[in-house]
$ cat input-v1.cif   # mmCIF, C-alpha atoms
data_coords
loop_
_atom_site.group_PDB
_atom_site.id
_atom_site.type_symbol
_atom_site.label_atom_id
_atom_site.label_comp_id
_atom_site.auth_asym_id
_atom_site.auth_seq_id
_atom_site.Cartn_x
_atom_site.Cartn_y
_atom_site.Cartn_z
ATOM 1 C CA GLU D 30 -35.404 17.652 -22.637
ATOM 2 C CA ASN D 31 -33.293 19.083 -19.798
ATOM 3 C CA SER D 32 -31.247 21.475 -21.884
ATOM 4 C CA PRO D 33 -29.866 24.715 -20.426
ATOM 5 C CA ALA D 34 -31.138 26.752 -23.431
ATOM 6 C CA PRO D 35 -33.092 29.969 -22.790
ATOM 7 C CA LEU D 36 -36.878 29.492 -22.692
ATOM 8 C CA PRO D 37 -39.736 31.996 -22.295
ATOM 9 C CA GLU D 38 -40.543 30.638 -18.805
ATOM 10 C CA ARG D 39 -36.928 31.075 -17.747
ATOM 11 C CA ALA D 40 -36.939 34.679 -19.006
ATOM 12 C CA ILE D 41 -40.040 35.386 -16.877
ATOM 13 C CA TYR D 42 -38.441 33.738 -13.794
ATOM 14 C CA GLY D 43 -35.327 35.848 -14.323
ATOM 15 C CA PHE D 44 -37.272 39.072 -14.639
ATOM 16 C CA ALA D 45 -39.407 38.289 -11.571
ATOM 17 C CA LEU D 46 -36.232 37.585 -9.551
ATOM 18 C CA PHE D 47 -34.685 40.810 -10.853
ATOM 19 C CA LEU D 48 -37.690 42.897 -9.782
ATOM 20 C CA GLY D 49 -37.906 41.050 -6.457
ATOM 21 C CA SER D 50 -34.246 41.610 -5.619
ATOM 22 C CA TRP D 51 -34.436 45.312 -6.492
ATOM 23 C CA PHE D 52 -37.550 45.662 -4.333
ATOM 24 C CA GLY D 53 -35.824 43.853 -1.461
ATOM 25 C CA PHE D 54 -32.749 46.073 -1.742
ATOM 26 C CA MET D 55 -34.851 49.276 -1.759
ATOM 27 C CA LEU D 56 -36.789 48.019 1.272
ATOM 28 C CA TYR D 57 -33.508 47.325 3.107
ATOM 29 C CA LEU D 58 -32.184 50.821 2.312
ATOM 30 C CA ILE D 59 -35.422 52.446 3.510
ATOM 31 C CA TRP D 60 -35.350 50.394 6.725
ATOM 32 C CA ALA D 61 -31.705 51.274 7.392
ATOM 33 C CA TYR D 62 -31.700 55.009 6.537
ATOM 34 C CA VAL D 63 -35.199 56.487 7.045
ATOM 35 C CA PRO D 64 -35.466 57.862 10.646
ATOM 36 C CA GLU D 65 -37.743 55.974 13.039
ATOM 37 C CA THR D 66 -40.020 58.957 13.662
ATOM 38 C CA TRP D 67 -40.832 59.177 9.952
ATOM 39 C CA LEU D 68 -41.659 55.437 9.871
ATOM 40 C CA PHE D 69 -43.863 55.774 12.985
ATOM 41 C CA SER D 70 -45.743 58.677 11.424
ATOM 42 C CA LEU D 71 -46.457 56.461 8.405
ATOM 43 C CA GLY D 72 -47.883 53.801 10.725
ATOM 44 C CA LEU D 73 -44.986 51.285 10.369
ATOM 45 C CA THR D 74 -44.263 50.734 14.066
ATOM 46 C CA TYR D 75 -43.424 47.020 14.213
ATOM 47 C CA TRP D 76 -40.302 46.853 12.040
ATOM 48 C CA PRO D 77 -37.141 45.265 13.539
ATOM 49 C CA GLN D 78 -34.537 47.419 15.292
ATOM 50 C CA LYS D 79 -32.111 49.257 13.030
ATOM 51 C CA TYR D 80 -29.324 47.513 14.930
ATOM 52 C CA TRP D 81 -29.972 44.485 12.728
ATOM 53 C CA ALA D 82 -29.437 46.500 9.534
ATOM 54 C CA VAL D 83 -25.737 46.553 10.470
ATOM 55 C CA ALA D 84 -25.541 43.302 12.425
ATOM 56 C CA LEU D 85 -26.904 40.978 9.738
ATOM 57 C CA PRO D 86 -24.394 41.931 7.023
ATOM 58 C CA ALA D 87 -21.579 41.654 9.578
ATOM 59 C CA TYR D 88 -22.757 38.163 10.612
ATOM 60 C CA LEU D 89 -23.060 37.166 6.943
ATOM 61 C CA LEU D 90 -19.522 38.240 6.030
ATOM 62 C CA VAL D 91 -17.981 36.498 9.034
ATOM 63 C CA SER D 92 -19.948 33.329 8.185
ATOM 64 C CA ILE D 93 -18.590 33.420 4.632
ATOM 65 C CA GLY D 94 -15.048 33.729 5.977
ATOM 66 C CA ILE D 95 -15.571 30.868 8.416
ATOM 67 C CA GLY D 96 -17.151 28.867 5.589
ATOM 68 C CA TYR D 97 -13.859 28.835 3.688
ATOM 69 C CA VAL D 98 -12.000 27.441 6.697
ATOM 70 C CA LEU D 99 -14.837 25.019 7.505
ATOM 71 C CA LEU D 100 -14.966 23.633 3.969
ATOM 72 C CA PHE D 101 -11.208 23.117 3.994
ATOM 73 C CA GLY D 102 -11.472 21.304 7.321
ATOM 74 C CA ILE D 103 -14.370 19.123 6.148
ATOM 75 C CA ASN D 104 -12.372 18.155 3.088
ATOM 76 C CA MET D 105 -9.423 17.132 5.196
ATOM 77 C CA MET D 106 -11.614 15.134 7.552
ATOM 78 C CA SER D 107 -13.330 13.247 4.721
ATOM 79 C CA THR D 108 -10.053 12.201 3.102
ATOM 80 C CA ALA D 109 -9.507 8.533 3.794
ATOM 81 C CA PRO D 110 -6.538 7.926 6.121
ATOM 82 C CA LEU D 111 -3.562 6.030 4.770
ATOM 83 C CA ASN D 112 -4.521 2.820 6.585
ATOM 84 C CA SER D 113 -8.083 2.529 5.293
ATOM 85 C CA THR D 114 -9.205 0.038 2.674
ATOM 86 C CA HIS D 115 -11.000 2.833 0.823
ATOM 87 C CA THR D 116 -7.657 3.804 -0.746
ATOM 88 C CA VAL D 117 -7.529 0.404 -2.416
ATOM 89 C CA THR D 118 -11.082 -0.683 -3.190
ATOM 90 C CA ASP D 119 -14.728 0.203 -2.669
ATOM 91 C CA ASN D 120 -18.201 -1.360 -2.738
ATOM 92 C CA TYR D 121 -18.588 -1.221 -6.505
ATOM 93 C CA ALA D 122 -15.230 -2.890 -7.081
ATOM 94 C CA LYS D 123 -15.970 -5.661 -4.603
ATOM 95 C CA LYS D 124 -19.327 -6.509 -6.177
ATOM 96 C CA GLN D 125 -18.283 -6.273 -9.811
ATOM 97 C CA GLN D 126 -19.133 -9.174 -12.103
ATOM 98 C CA GLN D 127 -16.501 -10.796 -14.246
ATOM 99 C CA LYS D 128 -17.619 -10.634 -17.858
ATOM 100 C CA LYS D 129 -16.628 -13.469 -20.187
ATOM 101 C CA PHE D 130 -13.710 -12.821 -22.494
ATOM 102 C CA GLN D 131 -14.871 -12.593 -26.134
ATOM 103 C CA GLU D 132 -12.611 -12.993 -29.127
ATOM 104 C CA GLU D 133 -11.974 -9.888 -31.269
ATOM 105 C CA ALA D 134 -13.892 -7.663 -28.839
ATOM 106 C CA ILE D 135 -12.635 -4.850 -26.611
ATOM 107 C CA PRO D 136 -12.379 -6.233 -23.053
ATOM 108 C CA ALA D 137 -15.060 -4.982 -20.679
ATOM 109 C CA LEU D 138 -14.254 -2.139 -18.293
ATOM 110 C CA ARG D 139 -13.390 -3.400 -14.824
ATOM 111 C CA ASP D 140 -11.513 -2.414 -11.695
ATOM 112 C CA ILE D 141 -8.062 -4.001 -11.783
ATOM 113 C CA PRO D 142 -6.781 -5.145 -8.359
ATOM 114 C CA ILE D 143 -3.893 -3.141 -6.987
ATOM 115 C CA SER D 144 -1.540 -6.161 -6.843
ATOM 116 C CA GLU D 145 -1.885 -6.626 -10.599
ATOM 117 C CA VAL D 146 -1.348 -2.923 -11.275
ATOM 118 C CA ASN D 147 1.793 -2.925 -9.140
ATOM 119 C CA ARG D 148 3.223 -5.954 -10.902
ATOM 120 C CA MET D 149 2.648 -4.325 -14.249
ATOM 121 C CA PHE D 150 4.231 -1.021 -13.255
ATOM 122 C CA PHE D 151 7.133 -1.969 -11.049
ATOM 123 C CA LEU D 152 8.276 -5.489 -11.904
ATOM 124 C CA PRO D 153 10.185 -5.582 -15.185
ATOM 125 C CA GLU D 154 8.714 -7.878 -17.809
ATOM 126 C CA LYS D 155 11.053 -10.752 -18.506
ATOM 127 C CA MET Z 205 24.667 -5.868 2.459
ATOM 128 C CA GLU Z 206 24.510 -2.466 0.809
ATOM 129 C CA GLU Z 207 23.423 1.015 1.745
ATOM 130 C CA ARG Z 208 22.247 3.600 -0.737
ATOM 131 C CA PRO Z 209 21.186 7.242 -0.294
ATOM 132 C CA TYR Z 210 17.715 8.360 -1.331
ATOM 133 C CA ARG Z 211 15.380 11.269 -0.598
ATOM 134 C CA SER Z 212 12.225 11.393 1.460
ATOM 135 C CA ALA Z 213 8.981 12.917 0.196
ATOM 136 C CA SER Z 214 9.891 16.256 1.778
ATOM 137 C CA GLY Z 215 13.426 16.276 0.363
ATOM 138 C CA ALA Z 216 15.390 15.163 3.430
ATOM 139 C CA PRO Z 217 18.214 12.666 2.797
ATOM 140 C CA ILE Z 218 17.502 9.097 3.900
ATOM 141 C CA ALA Z 219 19.412 5.843 3.409
ATOM 142 C CA LEU Z 220 18.149 2.379 2.515
ATOM 143 C CA ARG Z 221 20.122 -0.624 3.775
ATOM 144 C CA ARG Z 222 19.446 -4.073 2.352
ATOM 145 C CA ARG Z 223 20.672 -7.293 3.929
ATOM 146 C CA GLN Z 224 20.063 -10.765 2.638
ATOM 147 C CA HIS Z 225 20.218 -13.184 5.531
ATOM 148 C CA SER Z 226 19.285 -16.241 3.470
ATOM 149 C CA ALA Z 227 17.413 -17.205 0.324
ATOM 150 C CA SER Z 228 14.044 -16.508 1.889
ATOM 151 C CA CYS Z 229 14.908 -13.875 4.504
ATOM 152 C CA ARG Z 230 15.629 -10.220 3.815
ATOM 153 C CA GLU Z 231 15.939 -7.148 5.963
ATOM 154 C CA LEU Z 232 15.323 -3.658 4.570
ATOM 155 C CA ALA Z 233 16.029 -0.683 6.837
ATOM 156 C CA VAL Z 234 15.400 2.981 6.112
ATOM 157 C CA ARG Z 235 17.389 5.419 8.198
ATOM 158 C CA CYS Z 236 15.722 8.809 8.760
ATOM 159 C CA PRO Z 237 17.644 12.084 8.911
ATOM 160 C CA ARG Z 238 19.045 12.889 12.347
ATOM 161 C CA LEU Z 239 17.830 15.705 14.569
ATOM 162 C CA GLN Z 240 19.454 18.844 13.192
ATOM 163 C CA LEU Z 241 21.406 21.047 15.591
ATOM 164 C CA ARG Z 242 20.132 24.193 13.903
ATOM 165 C CA SER Z 243 16.449 23.296 14.341
ATOM 166 C CA LEU Z 244 17.059 22.305 17.966
ATOM 167 C CA SER Z 245 18.819 25.641 18.665
ATOM 168 C CA ALA Z 246 16.102 27.553 16.825
ATOM 169 C CA VAL Z 247 13.295 26.014 18.883
ATOM 170 C CA THR Z 248 15.188 26.409 22.164
ATOM 171 C CA SER Z 249 16.025 30.071 21.447
ATOM 172 C CA ALA Z 250 12.441 30.806 20.453
ATOM 173 C CA VAL Z 251 11.027 29.274 23.645
ATOM 174 C CA TRP Z 252 13.604 31.026 25.849
ATOM 175 C CA LEU Z 253 13.097 34.394 24.138
ATOM 176 C CA ALA Z 254 9.338 34.085 24.626
ATOM 177 C CA ALA Z 255 9.890 33.175 28.283
ATOM 178 C CA TYR Z 256 12.220 36.172 28.715
ATOM 179 C CA GLY Z 257 9.584 38.405 27.143
ATOM 180 C CA LEU Z 258 6.993 37.067 29.597
ATOM 181 C CA PHE Z 259 9.465 37.603 32.472
ATOM 182 C CA VAL Z 260 9.989 41.246 31.453
ATOM 183 C CA LEU Z 261 6.211 41.749 31.339
ATOM 184 C CA SER Z 262 5.323 39.923 34.543
ATOM 185 C CA GLU Z 263 8.487 40.376 36.722
ATOM 186 C CA ASN Z 264 8.094 36.746 37.848
ATOM 187 C CA SER Z 265 11.305 34.738 37.736
ATOM 188 C CA MET Z 266 9.418 31.421 37.872
ATOM 189 C CA VAL Z 267 8.710 31.916 34.148
ATOM 190 C CA LEU Z 268 12.394 31.466 33.321
ATOM 191 C CA SER Z 269 12.848 28.282 35.329
ATOM 192 C CA ALA Z 270 9.560 26.950 33.937
ATOM 193 C CA ALA Z 271 10.815 27.594 30.406
ATOM 194 C CA ILE Z 272 14.036 25.670 31.043
ATOM 195 C CA PHE Z 273 12.070 22.787 32.565
ATOM 196 C CA ILE Z 274 9.604 22.716 29.665
ATOM 197 C CA THR Z 275 12.430 22.713 27.111
ATOM 198 C CA LEU Z 276 14.164 19.780 28.769
ATOM 199 C CA ILE Z 277 11.005 17.715 29.264
ATOM 200 C CA GLY Z 278 9.816 18.563 25.758
ATOM 201 C CA LEU Z 279 13.111 17.408 24.238
ATOM 202 C CA ILE Z 280 13.017 14.127 26.157
ATOM 203 C CA ILE Z 281 9.401 13.460 25.161
ATOM 204 C CA TYR Z 282 10.170 14.303 21.528
ATOM 205 C CA LEU Z 283 13.170 11.980 21.368
ATOM 206 C CA HIS Z 284 11.362 9.126 23.071
ATOM 207 C CA PHE Z 285 7.925 9.253 21.458
ATOM 208 C CA VAL Z 286 8.132 11.211 18.214
ATOM 209 C CA LYS Z 287 11.554 11.202 16.554
ATOM 210 C CA ILE Z 288 12.072 7.982 14.651
ATOM 211 C CA ASP Z 289 15.640 7.067 13.826
ATOM 212 C CA GLN Z 290 15.198 3.956 11.689
ATOM 213 C CA GLU Z 291 12.327 1.916 10.287
ATOM 214 C CA SER Z 292 13.042 -1.619 9.193
ATOM 215 C CA LEU Z 293 11.205 -4.422 7.481
ATOM 216 C CA LEU Z 294 12.227 -8.047 8.009
ATOM 217 C CA VAL Z 295 10.611 -10.442 5.533
ATOM 218 C CA ILE Z 296 10.957 -14.150 6.336
ATOM 219 C CA GLY Z 297 9.534 -16.268 3.546
ATOM 220 C CA SER Z 298 7.534 -18.913 5.352
ATOM 221 C CA LEU Z 299 7.058 -17.155 8.665
ATOM 222 C CA GLY Z 300 5.910 -13.565 8.308
ATOM 223 C CA ILE Z 301 6.846 -9.916 8.170
ATOM 224 C CA GLN Z 302 8.254 -7.936 11.081
ATOM 225 C CA VAL Z 303 8.086 -4.128 11.134
ATOM 226 C CA THR Z 304 10.376 -2.312 13.606
ATOM 227 C CA SER Z 305 10.577 1.397 14.405
ATOM 228 C CA SER Z 306 13.536 2.590 16.470
ATOM 229 C CA TYR Z 307 13.186 5.946 18.169
ATOM 230 C CA ALA Z 308 16.011 8.410 18.782
ATOM 231 C CA SER Z 309 16.085 7.585 22.509
ATOM 232 C CA GLY Z 310 16.735 3.917 21.728
ATOM 233 C CA LYS Z 311 13.173 2.653 22.161
ATOM 234 C CA GLU Z 312 12.084 0.058 19.629
ATOM 235 C CA SER Z 313 8.516 -0.768 18.734
ATOM 236 C CA THR Z 314 7.853 -3.959 16.787
ATOM 237 C CA THR Z 315 4.891 -5.451 14.960
ATOM 238 C CA PHE Z 316 4.811 -8.962 13.523
ATOM 239 C CA ILE Z 317 2.364 -10.116 10.857
ATOM 240 C CA GLU Z 318 2.322 -13.826 10.065
ATOM 241 C CA MET Z 319 2.518 -14.908 6.449
ATOM 242 C CA GLY Z 320 -0.944 -16.470 6.437
ATOM 243 C CA GLN Z 321 -2.488 -13.043 6.961
ATOM 244 C CA VAL Z 322 -0.387 -11.253 4.357
ATOM 245 C CA LYS Z 323 -2.120 -10.952 0.996
ATOM 246 C CA ASP Z 324 0.450 -8.759 -0.734
ATOM 247 C CA VAL Z 325 2.913 -5.900 -0.300
ATOM 248 C CA VAL Z 326 2.061 -3.082 -2.715
ATOM 249 C CA ILE Z 327 2.924 0.535 -3.461
ATOM 250 C CA ASN Z 328 -0.250 2.546 -3.029
ATOM 251 C CA GLU Z 329 -0.845 6.216 -3.748
ATOM 252 C CA ALA Z 330 -3.126 8.315 -1.569
ATOM 253 C CA ILE Z 331 -3.897 11.895 -0.660
ATOM 254 C CA HIS Z 332 -2.034 12.979 2.469
ATOM 255 C CA MET Z 333 -2.202 16.615 3.665
ATOM 256 C CA GLN Z 334 -2.707 18.354 0.284
ATOM 257 C CA LYS Z 335 -0.186 16.067 -1.435
ATOM 258 C CA VAL Z 336 -0.464 12.764 -3.243
ATOM 259 C CA ILE Z 337 2.246 10.435 -1.943
ATOM 260 C CA TYR Z 338 3.392 6.923 -2.777
ATOM 261 C CA TYR Z 339 3.697 4.660 0.218
ATOM 262 C CA LEU Z 340 4.401 0.995 0.729
ATOM 263 C CA CYS Z 341 1.728 -1.002 2.509
ATOM 264 C CA ILE Z 342 0.940 -4.579 3.504
ATOM 265 C CA LEU Z 343 -2.506 -5.814 2.447
ATOM 266 C CA LEU Z 344 -3.969 -8.229 4.975
ATOM 267 C CA GLN Z 345 -6.149 -11.091 3.845
ATOM 268 C CA ASP Z 346 -9.823 -11.148 4.648
ATOM 269 C CA PRO Z 347 -10.440 -14.591 6.206
ATOM 270 C CA GLY Z 348 -13.918 -14.907 4.680
ATOM 271 C CA ASP Z 349 -13.167 -13.658 1.181
ATOM 272 C CA PRO Z 350 -9.987 -14.807 -0.622
ATOM 273 C CA GLN Z 351 -10.082 -11.822 -2.978
ATOM 274 C CA GLY Z 352 -10.864 -9.230 -0.346
ATOM 275 C CA VAL Z 353 -8.596 -6.971 1.658
ATOM 276 C CA SER Z 354 -9.426 -6.692 5.335
ATOM 277 C CA GLU Z 355 -6.831 -4.166 6.398
ATOM 278 C CA VAL Z 356 -4.090 -1.938 5.020
ATOM 279 C CA VAL Z 357 -0.908 -1.512 7.088
ATOM 280 C CA PRO Z 358 1.147 1.448 5.852
ATOM 281 C CA LEU Z 359 4.945 1.157 6.234
ATOM 282 C CA PHE Z 360 7.748 3.744 6.543
ATOM 283 C CA GLN Z 361 5.357 6.402 7.781
ATOM 284 C CA SER Z 362 7.995 8.701 9.282
ATOM 285 C CA SER Z 363 10.699 8.452 6.671
ATOM 286 C CA LYS Z 364 8.260 8.568 3.690
ATOM 287 C CA PRO Z 365 10.688 7.468 0.995
ATOM 288 C CA ARG Z 366 10.141 8.496 -2.609
ATOM 289 C CA LEU Z 367 9.112 6.187 -5.420
ATOM 290 C CA ASP Z 368 12.627 5.077 -6.428
ATOM 291 C CA CYS Z 369 13.403 3.790 -2.935
ATOM 292 C CA LEU Z 370 9.938 2.213 -2.677
ATOM 293 C CA ILE Z 371 10.413 0.348 -5.959
ATOM 294 C CA GLU Z 372 13.632 -1.219 -4.608
ATOM 295 C CA VAL Z 373 11.891 -2.326 -1.419
ATOM 296 C CA TYR Z 374 8.909 -3.589 -3.428
ATOM 297 C CA LYS Z 375 11.051 -5.708 -5.737
ATOM 298 C CA SER Z 376 12.921 -7.230 -2.797
ATOM 299 C CA CYS Z 377 9.678 -8.110 -1.014
ATOM 300 C CA GLN Z 378 8.048 -9.528 -4.132
ATOM 301 C CA GLU Z 379 10.986 -11.863 -4.745
ATOM 302 C CA ILE Z 380 10.341 -13.472 -1.379
ATOM 303 C CA LEU Z 381 6.540 -13.379 -1.591
ATOM 304 C CA GLU Z 382 6.623 -15.130 -4.969
ATOM 305 C CA GLN Z 383 8.260 -18.120 -3.330
ATOM 306 C CA ARG Z 384 5.068 -18.767 -1.426
ATOM 307 C CA LYS Z 385 3.176 -19.507 -4.618
ATOM 308 C CA THR Z 386 5.796 -21.774 -6.172
ATOM 309 C CA ALA Z 387 6.354 -23.820 -3.024
ATOM 310 C CA PRO Z 388 3.004 -24.155 -1.238
ATOM 311 C CA GLN Z 389 3.358 -25.643 2.224
ATOM 312 C CA SER Z 390 0.784 -26.466 4.837
ATOM 313 C CA SER Z 391 0.010 -23.232 6.705
#

$ encode --input "input-v1.cif" --output "structure tokens"
Amino acid sequence: ENSPAPLPERAIYGFALFLGSWFGFMLYLIWAYVPETWLFSLGLTYWPQKYWAVALPAYLLVSIGIGYVLLFGINMMSTAPLNSTHTVTDNYAKKQQQKKFQEEAIPALRDIPISEVNRMFFLPEK
Amino acid sequence: MEERPYRSASGAPIALRRRQHSASCRELAVRCPRLQLRSLSAVTSAVWLAAYGLFVLSENSMVLSAAIFITLIGLIIYLHFVKIDQESLLVIGSLGIQVTSSYASGKESTTFIEMGQVKDVVINEAIHMQKVIYYLCILLQDPGDPQGVSEVVPLFQSSKPRLDCLIEVYKSCQEILEQRKTAPQSS
């Protein structure tokens, strides 16, 4: 129902986006390169200054560069510090229900407390 | 009493010393690597070269005396507040756990956690500065919920021993903590 397979509607969306992006690019080139006097003589007097044809790409590239550093910083800030309980448990683990043990059945999936995990790993079984 | 060499998470040599004071009292101390002469000389030369460069540019001799002053004050502050010489853990079975950090200048900072608050001492793994490290921590009991953990107290933060050293410390602590369950006394 939500498959990523190609559909006729998706082909039409893709083609419309293709035409739209080509049109936008041609418009940008015309705005950047055609002299102002020619545009005035055609009646197009209220277009933005050509300064922005250079400024906007420069702003965009610097934002992308800053975005890399910002994303890295956000990742580091969202990492739980070593003294937080989020390294050990979370809301789902605290509210989990203990299912009854059934014979001959695979035990239900649950979050095992860290004390039990440590005993299993590090204390030798006698 | 025995002392064994191990490695920290960054590869520096550390030593673990274990002392058994009695059947229910153990002291585990991790000694961090000392301040290296070569790193001290490197930092001092770098600061003094930078100050000399500034002096050549600005012709102001105060820069040189300021650099000497800054180096001395910086070294004292580093030794007194930052450089940890030894971190130790004293586990007393019925009383509590005492965590001591001794700085290179001789200052000691101590924290005591009574046994009623201690739920368990475990080795936890967490992400720390683009690495996943193992570290020993004390889980404190949540007074309202017997299964819950109210706080996590990480230990050996400056020496950061590797897993083999942590397993030794963990086994020693667990031997004492198990005695609480077999001999329950009024808290």

$ residues_around --input "input-v1.cif" --residues "Val251 of chain Z" --least-positions-apart "4" --cutoff "7 Å" --atoms "all atoms listed in the file" --output "list in words"
Val247, Ala255 and Ala271 of chain Z

$ residues_around --input "input-v1.cif" --residues "segment 51-61 of chain D" --least-positions-apart "5" --cutoff "12 Å" --atoms "all atoms listed in the file" --output "VMD selection string"
chain D and resid 44 to 46 66 to 69 73 to 86

$ atom_distance --input "input-v1.cif" --atom1 "atom CA of Phe130 of chain D" --atom2 "atom CA of Val326 of chain Z"
27.1 Å

$ interface_residues --input "input-v1.cif" --of "chain D" --to "chain Z" --cutoff "7 Å" --atoms "all atoms listed in the file" --output "compact mmCIF listing (two decimals) with C-alpha atoms, keeping the file's coordinate frame"
# COMPACT_ATOMS: atom_id res chain seq x y z
CA LEU D 111 -3.56 6.03 4.77
CA ASN D 112 -4.52 2.82 6.58
CA SER D 113 -8.08 2.53 5.29
CA THR D 114 -9.20 0.04 2.67
CA THR D 116 -7.66 3.80 -0.75
CA SER D 144 -1.54 -6.16 -6.84
CA ASN D 147 1.79 -2.92 -9.14
CA PHE D 151 7.13 -1.97 -11.05
CA LEU D 152 8.28 -5.49 -11.90

$ resolve_selection --input "input-v1.cif" --expression "the PyMOL selection byres ((chain Z and resi 288) around 12)" --output "VMD selection string"
chain Z and resid 234 to 239 282 to 287 289 to 292 304 to 313 360 to 364

$ residues_around --input "input-v1.cif" --residues "Glu207 of chain Z" --least-positions-apart "6" --cutoff "10 Å" --atoms "all atoms listed in the file" --output "list in words"
Ala219, Leu220, Arg221, Arg222, Arg223, Leu232, Ala233, Val234 and Arg235 of chain Z

$ atom_distance --input "input-v1.cif" --atom1 "atom CA of Ala246 of chain Z" --atom2 "atom CA of Phe273 of chain Z"
16.9 Å
